[in-house]
Number of protein chains: 2
Amino acid sequence: MDTHKKLVLGIFGFGVVGEGLYKVLHQTPSLNATIKKVCIKHPNKKRDAPADLFTVNKEILLNDNEINIIVELIDDADAAYEIVKTAFANGKSVVSANKKMIAEHLPELLELSQEAEKSFLYEAACCASIPVIRNLEEYYDNDLLHSINAVVNGSTNYILTKMFEEKLSFKDALIQAQQLGFAESNPTLDVEGFDALNKWTFLLTHSYGILPKKEEIVFTGIQNITSEDALQADKKDCVTKLVASAKKLKNGKVAAFVLPQFVKKDDPLAFVKDEYNGVVIESSFADKQFFYGKGAGSFPTASAVLSDISALRYDYKYEYKKLYHQQQNELTNDFYVRTYVAFTDWGHVRKDDFESIEEWHSNDRSNYLIGIIHFEKLRESDWWKKNGVSLILIADPIIESLDVAKLKKRSLELAGVAGKYSLS
Amino acid sequence: MDTHKKLVLGIFGFGVVGEGLYKVLHQTPSLNATIKKVCIKHPNKKRDAPADLFTVNKEILLNDNEINIIVELIDDADAAYEIVKTAFANGKSVVSANKKMIAEHLPELLELSQEAEKSFLYEAACCASIPVIRNLEEYYDNDLLHSINAVVNGSTNYILTKMFEEKLSFKDALIQAQQLGFAESNPTLDVEGFDALNKWTFLLTHSYGILPKKEEIVFTGIQNITSEDALQADKKDCVTKLVASAKKLKNGKVAAFVLPQFVKKDDPLAFVKDEYNGVVIESSFADKQFFYGKGAGSFPTASAVLSDISALRYDYKYEYKKLYHQQQNELTNDFYVRTYVAFTDWGHVRKDDFESIEEWHSNDRSNYLIGIIHFEKLRESDWWKKNGVSLILIADPIIESLDVAKLKKRSLELAGVAGKYSLS
């Protein structure tokens with residue numbers, strides 16, 4: 001019955017995840033996996049492992065016939081891409097945690113891994129310890145997936161939690177996150193949503209069989225969110241999260257974006273605090289399902305890498321059933337969202353972009369409006385990311401079609417009020 | 001690339017789940033599965049499907065060579081066992097939702113399915129729509145699983161939620177559950193913990209590679225829990241849940257039981273309300289992970305059955321790696337638990353069973369104590385289930401070893417107090 005394959009690993013990178021994996025492997029002898037060589041960049045750094053394990057020459061790993069798995073755990077997405085390409089060409093399977101590389105090169109990498117008939121697994125690249133890719137691949141393939149909403153970035157979630165629960169300012173929360181190691185010293189990738197966007201790109205592949213380019217997906221981060229927004233969320237019985245969303249519309253097309261959202265306090269995503277991640281999957285028959293776990297950190301990420309390695313004992317491959325075997329889905333921006341927009345200067349808001357404005361508020365502390373906007377308008381412009389404008393979608397933001405007559409009447413009324421108070 | 005197998009189904013049972021499956025299959029044509037025949041008990045019941053689909057003769061399904069999958073969805077565990085045995089003998093794979101049958105016959109069924117080289121899948125038998133078995137099989141095989149704690153019975157969880165959140169009495173909550181279809185007209189199996197026990201039996205197989213007999217596992221239900229207990233939970237910043245628990249102790253053995261527990265309000269299980277189920281898995285590297293979803297109902301259960309059927313396109317089998325390939329685990333009762341015990345009459349509590357009593361309380365409304373008891377004492381006796389005695393474990397109940405000297409001192413002090421107030 002024992003069909004275990006002998007696993008000989010060549011690892012690229014010995015940072016927090018690589019070192020975590022090294023330790024984890026030492027505590028799971030049942031896996032019968034050997035690390036033959038680790039390729040590093042800086043040979044003189046002190047490391048808690050035998051010196052002869054390391055090399056700076058990548059060819060030593062890539063050309064070693066005994067090594068059958070390359071585990072790629074480096075930061076540099078371009079260098080990683082070169083390594084992974086060569087690994088497939090040399091007949092090795094690959095385990096990677098490099099979301100940026102995958103987001104930018106998945107179509108090519110799929111082709112190369114298929115030509116080589118080798119596995120390409122990357123559970124650690126999204127939500128670390130939560131087995132979300134494996135579940136989307138194996139478990140939600142035949143079900144009618146209504147929507148998937150997720151908190152996929154631990155740093156921003158940590159910052160938002162501190163802003164909302166401990167009333168810290170954005171700046172203080174960020175400093176705390178950095179001190180605790182939940183945010184990079186250059187936090188732009190996390191804070192401005194690039195990291196979440198990367199993850200969402202290939203999670204859409206496993207959710208809906210779509211292979212989008214990053215440029216196709218509307219996104220932002222939490223850089224403009226203020227404590228005042230937190231107060232408004234609280235008044236609406238919500239918390240603010242940076243949510244990666246995808247929803248199948250009635251016309252069969254898929255709406256997908258990464259934007260801050262007000263999330264109802266009884267929504268499972270509201271339970272996701274600090275550096276945790278969470279995924280809510282809604283399907284026709286299973287109803288709402290929620291997966292929750294640590295989304296970052298050395299051991300949670302190493303644990304996901306380890307599960308991928310373990311699956312290679314049985315030559316496990318993602319099948320991309322939704323991409324290859326099922327009806328293709330496609331992205332659309334032809335829908336509306338209901339959104340909150342806070343601003344310091346009414347002139348920074350392109351108000352003509354809105355189909356209707358349902359509410360506005362202005363006092364000495366804050367200005368905001370709540371309105372309905374066509375999603376293509378967000379895609380075409382960036383006023384809503386600039387000049388401290390803070391756009392946060394209202395809970396259940398998507399509106400598939402509008403009753404135009406009703407909206408016109410309401411907008412005219414509001415225009416009247418706004419005129420009276422010289423807000424327009 | 002298309003390795004899809006043609007699936008021809010013979011279904012036993014057309015109750016809520018069977019009918020749900022019938023509908024679900026009609027909405028997932030991509031699966032390419034055909035229902036050839038459905039075996040039912042009462043031919044004259046009105047059903048929302050063509051009459052020629054049905055038969056009362058089980059042999060017609062079991063002897064049909066074209067049918068390659070038997071889907072067993074009947075209530076009667078003994079009849080189900082006979083059906084499943086014959087199905088394997090006749091070379092068919094089996095999908096089942098019958099937790100009682102699996103709890104009572106897993107070792108034999110494993111043997112038969114292996115002899116026949118056929119799959120035996122039963123994701124729907126535990127936590128319905130939550131893919132807990134598949135994740136334990138595929139994802140947590142190499143990780144060091146510290147503990148698994150779960151709410152696996154939707155009916156009791158619904159009742160407890162209503163008692164705690166809406167301050168209903170046990171009786172009123174039960175009636176409401178029955179009216180909504182979350183509890184059987186004879187609710188004993190759910191309420192007294194038998195259903196949760198059944199599920200826990202085989203979840204231990206997939207968690208720790210143990211094949212326990214039901215009799216080995218200490219359990220009770222929620223039959224003796226009162227609104228007063230709910231108040232006490234609230235004071236401790238907890239909610240009460242019927243929790244199925246398993247934990248690997250330092251000595252490598254596994255503690256496992258199904259008992260009411262006070263669960264801290266920030267524990268993911270506290271988030272599991274109404275008829276939902278939830279599973280918290282703690283492992284060395286991945287830390288705490290939480291899976292949440294609908295644990296009962298026609299469509300959530302049918303959705304799990306469907307996922308199993310879908311997996312059979314690729315001849316998926318549980319591998320029972322932990323049972324066959326890894327170091328065997330065994331159950332132990334050699335540990336202590338800290339527990340709350342409420343009672344109407346001090347005489348109903350066998351107080352000598354306790355190692356120590358840390359707290360006791362008595363007034364005109366309620367009597368309770370909090371103490372430490374060796375687990376074997378619970379296994380040997382049943383005073384704690386009888387005469388309205390309500391035993392609820394304190395959060396994080398397991399104590400692996402005691403500082404005896406400290407306990408003796410504390411107990412002597414309490415004995416003094418108790419003597420003074422004639423409680424002993």
# chains A, B, ... in the order shown; residues from 1 in each chain; ligands from 1

$ residues_around --residues "stretch 195-201 of chain A" --least-positions-apart "4" --cutoff "9 Å" --atoms "only C-alpha atoms" --output "PDB file with N, CA and C atoms, in the first residue's frame"
ATOM      1  N   LYS A  99       3.694  34.799  -4.586  1.00  0.00           N
ATOM      2  CA  LYS A  99       2.434  35.266  -5.180  1.00  0.00           C
ATOM      3  C   LYS A  99       2.647  36.212  -6.354  1.00  0.00           C
ATOM      4  N   LYS A 100       3.689  37.064  -6.269  1.00  0.00           N
ATOM      5  CA  LYS A 100       3.899  38.032  -7.344  1.00  0.00           C
ATOM      6  C   LYS A 100       4.281  37.298  -8.627  1.00  0.00           C
ATOM      7  N   MET A 101       5.180  36.330  -8.505  1.00  0.00           N
ATOM      8  CA  MET A 101       5.575  35.562  -9.687  1.00  0.00           C
ATOM      9  C   MET A 101       4.364  34.848 -10.295  1.00  0.00           C
ATOM     10  N   ILE A 102       3.544  34.245  -9.433  1.00  0.00           N
ATOM     11  CA  ILE A 102       2.405  33.481  -9.943  1.00  0.00           C
ATOM     12  C   ILE A 102       1.387  34.421 -10.589  1.00  0.00           C
ATOM     13  N   ALA A 103       1.149  35.553  -9.925  1.00  0.00           N
ATOM     14  CA  ALA A 103       0.186  36.513 -10.477  1.00  0.00           C
ATOM     15  C   ALA A 103       0.621  36.991 -11.857  1.00  0.00           C
ATOM     16  N   GLU A 104       1.926  37.116 -12.052  1.00  0.00           N
ATOM     17  CA  GLU A 104       2.404  37.677 -13.323  1.00  0.00           C
ATOM     18  C   GLU A 104       2.674  36.634 -14.403  1.00  0.00           C
ATOM     19  N   ALA A 125       1.135  30.529  -1.194  1.00  0.00           N
ATOM     20  CA  ALA A 125       1.127  31.861  -1.799  1.00  0.00           C
ATOM     21  C   ALA A 125      -0.138  32.645  -1.491  1.00  0.00           C
ATOM     22  N   CYS A 126      -1.183  31.963  -1.009  1.00  0.00           N
ATOM     23  CA  CYS A 126      -2.412  32.675  -0.661  1.00  0.00           C
ATOM     24  C   CYS A 126      -2.968  32.171   0.660  1.00  0.00           C
ATOM     25  N   CYS A 127      -3.116  33.078   1.618  1.00  0.00           N
ATOM     26  CA  CYS A 127      -3.694  32.738   2.928  1.00  0.00           C
ATOM     27  C   CYS A 127      -2.875  31.694   3.681  1.00  0.00           C
ATOM     28  N   VAL A 151     -10.369  37.936   3.277  1.00  0.00           N
ATOM     29  CA  VAL A 151      -9.317  38.796   3.801  1.00  0.00           C
ATOM     30  C   VAL A 151      -8.017  38.043   3.543  1.00  0.00           C
ATOM     31  N   VAL A 152      -7.226  38.533   2.591  1.00  0.00           N
ATOM     32  CA  VAL A 152      -6.050  37.771   2.174  1.00  0.00           C
ATOM     33  C   VAL A 152      -4.735  38.436   2.561  1.00  0.00           C
ATOM     34  N   ASN A 153      -4.814  39.598   3.177  1.00  0.00           N
ATOM     35  CA  ASN A 153      -3.569  40.278   3.571  1.00  0.00           C
ATOM     36  C   ASN A 153      -3.550  40.547   5.069  1.00  0.00           C
ATOM     37  N   LEU A 189       3.541  47.573  -0.666  1.00  0.00           N
ATOM     38  CA  LEU A 189       2.947  46.405  -1.323  1.00  0.00           C
ATOM     39  C   LEU A 189       1.717  45.900  -0.574  1.00  0.00           C
ATOM     40  N   ASP A 190       1.831  45.867   0.754  1.00  0.00           N
ATOM     41  CA  ASP A 190       0.687  45.434   1.553  1.00  0.00           C
ATOM     42  C   ASP A 190      -0.381  46.522   1.628  1.00  0.00           C
ATOM     43  N   VAL A 191       0.052  47.699   2.076  1.00  0.00           N
ATOM     44  CA  VAL A 191      -0.895  48.759   2.428  1.00  0.00           C
ATOM     45  C   VAL A 191      -1.695  49.240   1.229  1.00  0.00           C
ATOM     46  N   THR A 205      -8.456  32.031 -10.666  1.00  0.00           N
ATOM     47  CA  THR A 205      -8.246  30.862 -11.521  1.00  0.00           C
ATOM     48  C   THR A 205      -8.829  29.616 -10.865  1.00  0.00           C
ATOM     49  N   ILE A 210     -10.759  31.545 -14.335  1.00  0.00           N
ATOM     50  CA  ILE A 210     -10.359  32.739 -15.087  1.00  0.00           C
ATOM     51  C   ILE A 210      -8.860  32.954 -14.872  1.00  0.00           C
ATOM     52  N   LEU A 211      -8.169  33.363 -15.919  1.00  0.00           N
ATOM     53  CA  LEU A 211      -6.730  33.680 -15.810  1.00  0.00           C
ATOM     54  C   LEU A 211      -6.551  35.168 -16.076  1.00  0.00           C
ATOM     55  N   PRO A 212      -6.910  36.021 -15.133  1.00  0.00           N
ATOM     56  CA  PRO A 212      -6.885  37.457 -15.437  1.00  0.00           C
ATOM     57  C   PRO A 212      -5.482  38.029 -15.370  1.00  0.00           C
ATOM     58  N   LYS A 213      -5.279  39.118 -16.098  1.00  0.00           N
ATOM     59  CA  LYS A 213      -4.078  39.915 -15.887  1.00  0.00           C
ATOM     60  C   LYS A 213      -4.356  40.845 -14.710  1.00  0.00           C
ATOM     61  N   LYS A 214      -3.293  41.183 -13.977  1.00  0.00           N
ATOM     62  CA  LYS A 214      -3.473  42.061 -12.817  1.00  0.00           C
ATOM     63  C   LYS A 214      -4.172  43.369 -13.192  1.00  0.00           C
ATOM     64  N   ILE A 217      -8.015  44.014 -12.887  1.00  0.00           N
ATOM     65  CA  ILE A 217      -8.769  43.982 -11.628  1.00  0.00           C
ATOM     66  C   ILE A 217      -8.662  45.312 -10.884  1.00  0.00           C
ATOM     67  N   VAL A 218      -9.804  45.905 -10.595  1.00  0.00           N
ATOM     68  CA  VAL A 218      -9.852  47.164  -9.845  1.00  0.00           C
ATOM     69  C   VAL A 218      -9.450  46.882  -8.402  1.00  0.00           C
ATOM     70  N   PHE A 219      -8.543  47.697  -7.891  1.00  0.00           N
ATOM     71  CA  PHE A 219      -8.102  47.456  -6.515  1.00  0.00           C
ATOM     72  C   PHE A 219      -7.601  48.735  -5.871  1.00  0.00           C
ATOM     73  N   THR A 220      -7.599  48.728  -4.569  1.00  0.00           N
ATOM     74  CA  THR A 220      -6.810  49.686  -3.802  1.00  0.00           C
ATOM     75  C   THR A 220      -6.512  49.060  -2.444  1.00  0.00           C
ATOM     76  N   GLY A 221      -5.844  49.808  -1.592  1.00  0.00           N
ATOM     77  CA  GLY A 221      -5.511  49.293  -0.264  1.00  0.00           C
ATOM     78  C   GLY A 221      -6.205  50.095   0.803  1.00  0.00           C
ATOM     79  N   LEU A 242     -10.173  45.069   4.272  1.00  0.00           N
ATOM     80  CA  LEU A 242      -9.770  45.055   2.869  1.00  0.00           C
ATOM     81  C   LEU A 242     -10.193  43.694   2.321  1.00  0.00           C
ATOM     82  N   VAL A 243     -11.236  43.716   1.474  1.00  0.00           N
ATOM     83  CA  VAL A 243     -11.836  42.451   1.044  1.00  0.00           C
ATOM     84  C   VAL A 243     -11.555  42.191  -0.435  1.00  0.00           C
ATOM     85  N   ALA A 244     -11.055  41.008  -0.708  1.00  0.00           N
ATOM     86  CA  ALA A 244     -10.954  40.535  -2.083  1.00  0.00           C
ATOM     87  C   ALA A 244     -12.255  39.804  -2.382  1.00  0.00           C
ATOM     88  N   SER A 245     -12.945  40.252  -3.426  1.00  0.00           N
ATOM     89  CA  SER A 245     -14.294  39.740  -3.716  1.00  0.00           C
ATOM     90  C   SER A 245     -14.405  39.210  -5.123  1.00  0.00           C
ATOM     91  N   ALA A 256     -15.136  41.013 -10.004  1.00  0.00           N
ATOM     92  CA  ALA A 256     -14.024  40.729  -9.084  1.00  0.00           C
ATOM     93  C   ALA A 256     -13.239  41.997  -8.798  1.00  0.00           C
ATOM     94  N   PHE A 257     -12.883  42.208  -7.550  1.00  0.00           N
ATOM     95  CA  PHE A 257     -12.118  43.398  -7.174  1.00  0.00           C
ATOM     96  C   PHE A 257     -11.512  43.215  -5.788  1.00  0.00           C
ATOM     97  N   VAL A 258     -10.575  44.092  -5.455  1.00  0.00           N
ATOM     98  CA  VAL A 258      -9.974  44.118  -4.117  1.00  0.00           C
ATOM     99  C   VAL A 258     -10.143  45.540  -3.596  1.00  0.00           C
TER     100      VAL A 258
END

$ closest_atom_pairs --of "chain B" --to "chain A" --cutoff "7 Å" --atoms "only C-alpha atoms" --output "Markdown table"
| residue | atom | partner | partner_atom | distance |
| --- | --- | --- | --- | --- |
| B:Thr28 | CA | A:Asn142 | CA | 6.6 |
| B:Ser30 | CA | A:Gln326 | CA | 6.7 |
| B:Leu31 | CA | A:Asn142 | CA | 6.6 |
| B:Ser129 | CA | A:Ala286 | CA | 5.4 |
| B:Tyr139 | CA | A:Ser307 | CA | 6.0 |
| B:Asn142 | CA | A:Thr28 | CA | 6.5 |
| B:Phe285 | CA | A:Phe299 | CA | 4.9 |
| B:Ala286 | CA | A:Pro300 | CA | 4.2 |
| B:Asp287 | CA | A:Pro300 | CA | 6.7 |
| B:Lys288 | CA | A:Gly293 | CA | 5.9 |
| B:Gln289 | CA | A:Gly293 | CA | 4.4 |
| B:Phe290 | CA | A:Tyr292 | CA | 4.9 |
| B:Phe291 | CA | A:Phe291 | CA | 4.8 |
| B:Tyr292 | CA | A:Phe290 | CA | 4.9 |
| B:Gly293 | CA | A:Gln289 | CA | 4.4 |
| B:Lys294 | CA | A:Asp287 | CA | 6.9 |
| B:Phe299 | CA | A:Phe285 | CA | 4.9 |
| B:Pro300 | CA | A:Ala286 | CA | 4.2 |
| B:Ser303 | CA | A:Phe285 | CA | 5.5 |
| B:Ser307 | CA | A:Tyr139 | CA | 6.0 |
| B:Gln326 | CA | A:Ser30 | CA | 6.7 |

$ select_by_dssp --residues "stretch 270-396 of chain A" --states "helix (DSSP H, G or I)" --output "VMD selection string"
chain A and resid 270 to 271 298 to 314 321 to 324 346 to 348 351 to 353 375 to 380 383 to 385

$ write_last_selection --atoms "N, CA and C atoms" --output "compact mmCIF listing (two decimals), in the first residue's frame"
# COMPACT_ATOMS: atom_id res chain seq x y z
N ALA A 270 -15.95 39.49 9.67
CA ALA A 270 -15.75 40.40 10.79
C ALA A 270 -15.00 39.70 11.92
N PHE A 271 -15.08 38.39 11.93
CA PHE A 271 -14.39 37.59 12.95
C PHE A 271 -12.88 37.56 12.70
N SER A 298 6.24 32.77 9.69
CA SER A 298 7.17 31.73 9.30
C SER A 298 6.52 30.34 9.30
N PHE A 299 6.02 29.90 10.45
CA PHE A 299 5.51 28.53 10.54
C PHE A 299 4.21 28.29 9.79
N PRO A 300 3.22 29.21 9.88
CA PRO A 300 2.02 28.96 9.08
C PRO A 300 2.33 28.84 7.59
N THR A 301 3.23 29.68 7.09
CA THR A 301 3.57 29.59 5.67
C THR A 301 4.35 28.30 5.38
N ALA A 302 5.30 28.00 6.26
CA ALA A 302 6.08 26.76 6.08
C ALA A 302 5.17 25.54 6.12
N SER A 303 4.15 25.61 6.95
CA SER A 303 3.21 24.50 7.06
C SER A 303 2.47 24.26 5.75
N ALA A 304 2.11 25.33 5.06
CA ALA A 304 1.45 25.18 3.76
C ALA A 304 2.42 24.62 2.73
N VAL A 305 3.66 25.11 2.76
CA VAL A 305 4.69 24.58 1.86
C VAL A 305 4.87 23.08 2.11
N LEU A 306 4.88 22.74 3.37
CA LEU A 306 5.05 21.34 3.75
C LEU A 306 3.91 20.46 3.25
N SER A 307 2.70 20.97 3.32
CA SER A 307 1.56 20.19 2.82
C SER A 307 1.67 19.97 1.32
N ASP A 308 2.17 20.97 0.62
CA ASP A 308 2.38 20.79 -0.82
C ASP A 308 3.44 19.72 -1.07
N ILE A 309 4.54 19.82 -0.32
CA ILE A 309 5.61 18.82 -0.48
C ILE A 309 5.05 17.43 -0.22
N SER A 310 4.27 17.33 0.85
CA SER A 310 3.69 16.05 1.20
C SER A 310 2.80 15.50 0.09
N ALA A 311 2.06 16.38 -0.54
CA ALA A 311 1.16 15.94 -1.62
C ALA A 311 1.95 15.42 -2.82
N LEU A 312 3.19 15.83 -2.93
CA LEU A 312 4.02 15.37 -4.05
C LEU A 312 4.45 13.92 -3.90
N ARG A 313 4.34 13.39 -2.68
CA ARG A 313 4.57 11.95 -2.52
C ARG A 313 3.65 11.16 -3.42
N TYR A 314 2.47 11.73 -3.66
CA TYR A 314 1.46 11.04 -4.47
C TYR A 314 1.32 11.73 -5.82
N LYS A 321 -9.58 22.23 -13.23
CA LYS A 321 -10.76 21.71 -13.91
C LYS A 321 -11.63 22.83 -14.48
N LYS A 322 -11.76 23.89 -13.70
CA LYS A 322 -12.66 24.96 -14.14
C LYS A 322 -12.11 25.69 -15.36
N LEU A 323 -10.80 25.68 -15.49
CA LEU A 323 -10.16 26.35 -16.62
C LEU A 323 -10.23 25.47 -17.86
N TYR A 324 -10.04 24.16 -17.68
CA TYR A 324 -9.92 23.30 -18.84
C TYR A 324 -11.17 22.49 -19.17
N TRP A 346 -14.57 68.53 -1.34
CA TRP A 346 -15.61 68.07 -2.27
C TRP A 346 -15.09 68.09 -3.71
N GLY A 347 -14.14 68.97 -3.98
CA GLY A 347 -13.56 69.07 -5.32
C GLY A 347 -12.76 67.85 -5.72
N HIS A 348 -12.36 67.04 -4.76
CA HIS A 348 -11.60 65.83 -5.10
C HIS A 348 -12.49 64.68 -5.54
N LYS A 351 -18.12 63.92 -8.81
CA LYS A 351 -19.49 63.53 -8.44
C LYS A 351 -20.33 63.13 -9.64
N ASP A 352 -19.94 63.59 -10.86
CA ASP A 352 -20.69 63.20 -12.04
C ASP A 352 -20.54 61.71 -12.36
N ASP A 353 -19.55 61.10 -11.76
CA ASP A 353 -19.37 59.66 -11.98
C ASP A 353 -20.48 58.84 -11.33
N PHE A 375 -19.30 50.33 -12.08
CA PHE A 375 -17.96 49.87 -11.75
C PHE A 375 -16.93 50.28 -12.79
N GLU A 376 -17.35 50.38 -14.04
CA GLU A 376 -16.43 50.79 -15.10
C GLU A 376 -15.86 52.19 -14.80
N LYS A 377 -16.67 53.02 -14.14
CA LYS A 377 -16.21 54.37 -13.77
C LYS A 377 -15.02 54.30 -12.82
N LEU A 378 -15.05 53.32 -11.93
CA LEU A 378 -13.92 53.16 -11.00
C LEU A 378 -12.69 52.68 -11.76
N ARG A 379 -12.94 51.81 -12.71
CA ARG A 379 -11.82 51.25 -13.48
C ARG A 379 -11.14 52.32 -14.34
N GLU A 380 -11.95 53.23 -14.83
CA GLU A 380 -11.42 54.24 -15.76
C GLU A 380 -10.70 55.38 -15.05
N TRP A 383 -9.44 59.13 -9.24
CA TRP A 383 -9.69 60.19 -8.26
C TRP A 383 -10.01 59.59 -6.90
N TRP A 384 -10.59 58.41 -6.88
CA TRP A 384 -11.04 57.79 -5.63
C TRP A 384 -9.89 57.15 -4.85
N LYS A 385 -8.67 57.18 -5.43
CA LYS A 385 -7.51 56.68 -4.68
C LYS A 385 -6.62 57.85 -4.25

$ atom_distance --atom1 "atom CA of B:Val38" --atom2 "atom CA of B:Ile11"
4.6 Å

$ residues_around --residues "stretch 80-91 of chain A" --least-positions-apart "6" --cutoff "12 Å" --atoms "only C-alpha atoms" --output "mmCIF file with C-alpha atoms, in the first residue's frame"
data_model
loop_
_atom_site.group_PDB
_atom_site.id
_atom_site.type_symbol
_atom_site.label_atom_id
_atom_site.label_comp_id
_atom_site.auth_asym_id
_atom_site.auth_seq_id
_atom_site.Cartn_x
_atom_site.Cartn_y
_atom_site.Cartn_z
ATOM 1 C CA LEU A 9 14.417 18.893 -2.053
ATOM 2 C CA GLY A 10 16.406 21.794 -3.390
ATOM 3 C CA ILE A 11 15.336 24.949 -1.618
ATOM 4 C CA PHE A 12 15.796 28.507 -2.828
ATOM 5 C CA GLY A 13 15.815 31.016 0.008
ATOM 6 C CA CYS A 39 20.550 28.158 -2.484
ATOM 7 C CA ASN A 57 25.172 28.640 -7.163
ATOM 8 C CA LYS A 58 21.654 27.937 -8.370
ATOM 9 C CA GLU A 59 22.867 25.553 -11.067
ATOM 10 C CA ILE A 60 23.998 23.104 -8.408
ATOM 11 C CA LEU A 61 20.361 22.597 -7.399
ATOM 12 C CA LEU A 62 18.800 22.878 -10.820
ATOM 13 C CA ASN A 63 21.191 20.416 -12.439
ATOM 14 C CA ASP A 64 21.177 17.844 -9.656
ATOM 15 C CA ASN A 65 19.303 14.821 -10.992
ATOM 16 C CA GLU A 66 18.627 13.493 -7.555
ATOM 17 C CA ILE A 67 16.688 16.618 -6.547
ATOM 18 C CA ASN A 68 13.119 16.053 -7.715
ATOM 19 C CA ILE A 69 11.456 19.037 -6.050
ATOM 20 C CA ILE A 70 12.458 22.677 -6.176
ATOM 21 C CA VAL A 71 11.004 24.704 -3.315
ATOM 22 C CA GLU A 72 11.131 28.352 -4.293
ATOM 23 C CA LEU A 73 10.934 30.753 -1.353
ATOM 24 C CA ILE A 74 12.755 33.895 -2.472
ATOM 25 C CA ALA A 97 5.100 30.725 -2.170
ATOM 26 C CA ASN A 98 5.784 33.572 -4.588
ATOM 27 C CA LYS A 99 2.434 35.266 -5.180
ATOM 28 C CA LYS A 100 3.899 38.032 -7.344
ATOM 29 C CA MET A 101 5.575 35.562 -9.687
ATOM 30 C CA ILE A 102 2.405 33.481 -9.943
ATOM 31 C CA ALA A 103 0.186 36.513 -10.477
ATOM 32 C CA GLU A 104 2.404 37.677 -13.323
ATOM 33 C CA HIS A 105 3.314 34.401 -14.995
ATOM 34 C CA LEU A 106 0.676 31.759 -14.291
ATOM 35 C CA GLU A 108 3.336 30.443 -18.977
ATOM 36 C CA LEU A 109 4.071 28.445 -15.857
ATOM 37 C CA LEU A 110 1.021 26.269 -16.423
ATOM 38 C CA GLU A 111 2.167 25.527 -19.923
ATOM 39 C CA LEU A 112 5.708 24.687 -18.847
ATOM 40 C CA SER A 113 4.614 22.444 -15.988
ATOM 41 C CA GLN A 114 2.221 20.603 -18.287
ATOM 42 C CA GLU A 115 4.845 20.120 -20.967
ATOM 43 C CA ALA A 116 7.186 18.726 -18.322
ATOM 44 C CA GLU A 117 4.330 16.703 -16.774
ATOM 45 C CA LYS A 118 5.436 17.983 -13.393
ATOM 46 C CA SER A 119 3.483 19.442 -10.485
ATOM 47 C CA PHE A 120 3.338 23.128 -9.656
ATOM 48 C CA LEU A 121 1.851 23.730 -6.204
#

$ closest_residue --among "B:Gln232, B:Asn387, B:Ser401, B:Asn157" --to "B:Leu269" --atoms "only C-alpha atoms"
B:Asn157

$ select_by_dssp --residues "stretch 87-202 of chain B" --states "strand (DSSP E)" --output "VMD selection string"
chain B and resid 93 to 96 120 to 121 145 to 151

$ write_last_selection --atoms "C-alpha atoms" --output "CSV table (one decimal), in the first residue's frame"
chain,number,residue,atom,x,y,z
B,93,SER,CA,-17.9,2.3,-5.0
B,94,VAL,CA,-20.0,3.7,-2.1
B,95,VAL,CA,-20.9,7.2,-1.0
B,96,SER,CA,-22.7,7.3,2.3
B,120,PHE,CA,-15.8,4.5,0.3
B,121,LEU,CA,-16.5,8.2,0.8
B,145,LEU,CA,-2.0,17.8,15.0
B,146,HIS,CA,-2.3,19.2,18.5
B,147,SER,CA,-6.0,19.2,18.9
B,148,ILE,CA,-9.3,19.2,17.1
B,149,ASN,CA,-12.4,20.7,18.7
B,150,ALA,CA,-15.7,20.8,16.9
B,151,VAL,CA,-19.4,21.5,17.1

$ residues_around --residues "stretch 330-337 of chain A" --least-positions-apart "2" --cutoff "6 Å" --atoms "only C-alpha atoms" --output "list in words"
Lys253, Val254, Ala255, Ile372, Ile373, His374, Phe375, Glu376, Pro397, Ile398, Ile399 and Glu400 of chain A

$ atom_distance --atom1 "atom CA of A:Ala173" --atom2 "atom CA of A:Gln261"
18.7 Å
